[in-house]
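Accompanying notes for the structure given below.
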Amino acid sequence: MARIKRAVHARKKKNSYFKAAKGFTGGRKRLWRTVRNAVDRARQYAYRDRKVRKRDFRRLWITRLNAAVRQHDMSYSQFIHGAKLAGIELDRKVLSSLSIESPEAFGEICKQVKAKLAA
């Protein structure tokens, strides 16, 4: 019978997969072939969704901004255009949180933007 010379490496690799499958249920955490497939698939989703998360948050900030800006009789696109004209260099994340946490300050920004759009 042939002598196995890579047993340590193989066991280490398997153990890392089983460790990554913690929290999975059934055969997805017990059976080697299934564990490998499940972990590989999970890693693919994790890689993809790190990028998707950024998109989703940007969409959320834009939606919040649109709602906040409409209270000041503007649309989102008008607001962003006016903010660029007014030289307001706050990003959407900061503007969104500002509209929630301190509406007075956001109202002042909207006044500046309206003044630039009217001029």
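Residues are referred to by chain and number: the chain letter is A, B, ... according to the order shown in the structure tokens, the number counts from 1 in that chain, and ligands are numbered separately from 1 in the order shown.
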
- Spatial neighbours of Ala67 (chain A), max dist 10 Å, only C-alpha atoms, sep filter under 5 positions, as number ranges by chain: A: 61-62, 72, 74-76, 96, 99

Output for the residues just chosen: C-alpha atoms as a JSON list (two decimals), in the first residue's frame:
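again.json written:
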```json
[["chain", "number", "residue", "atom", "x", "y", "z"],
["A", 61, "TRP", "CA", -29.03, 57.35, 0.83],
["A", 62, "ILE", "CA", -30.47, 58.61, -2.46],
["A", 72, "HIS", "CA", -38.32, 71.62, 0.55],
["A", 74, "MET", "CA", -37.21, 70.20, -4.92],
["A", 75, "SER", "CA", -36.42, 66.92, -6.60],
["A", 76, "TYR", "CA", -33.31, 64.88, -5.89],
["A", 96, "SER", "CA", -28.68, 61.69, 4.22],
["A", 99, "SER", "CA", -31.36, 65.24, 6.92]]
```

task: Give me the residues within 9 Å of region 33-38 of chain A as a list in words, counting only C-alpha atoms and dropping any in the same chain fewer than 5 places off.
output: Lys14, Tyr17, Phe18, Ala20, Ala21, Phe24, Gly27, Arg28 and Arg43 of chain A

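Each of A:Asn15, A:Asn66, A:Gln78, A:Thr25 was compared to Ala118 (chain A) using only C-alpha atoms, and A:Gln78 turns out to be the nearest.
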
So which bits of chain A end up alpha helix (DSSP H) when you DSSP the backbone, as a count of residues only? 94

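Shortest separation to Arg70 (chain A) among A:Gly107, A:Arg48, A:Ala115, A:Arg3 occurs at residue A:Gly107, atoms counted being only C-alpha atoms.
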
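The shortest atom-to-atom distance to Asp40 (chain A), with only C-alpha atoms taken into account, belongs to A:Ser16 out of A:Leu98, A:Ser16, A:Ala86, A:Gln112.
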
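Shortest separation to Asp91 (chain A) among A:Lys51, A:Arg11, A:Lys114, A:Arg58 occurs at residue A:Arg58, atoms counted being only C-alpha atoms.
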
From the list A:Leu95, A:Val39, A:Ala10, A:Ala2, the nearest residue to Ala68 (chain A) using only C-alpha atoms is A:Leu95
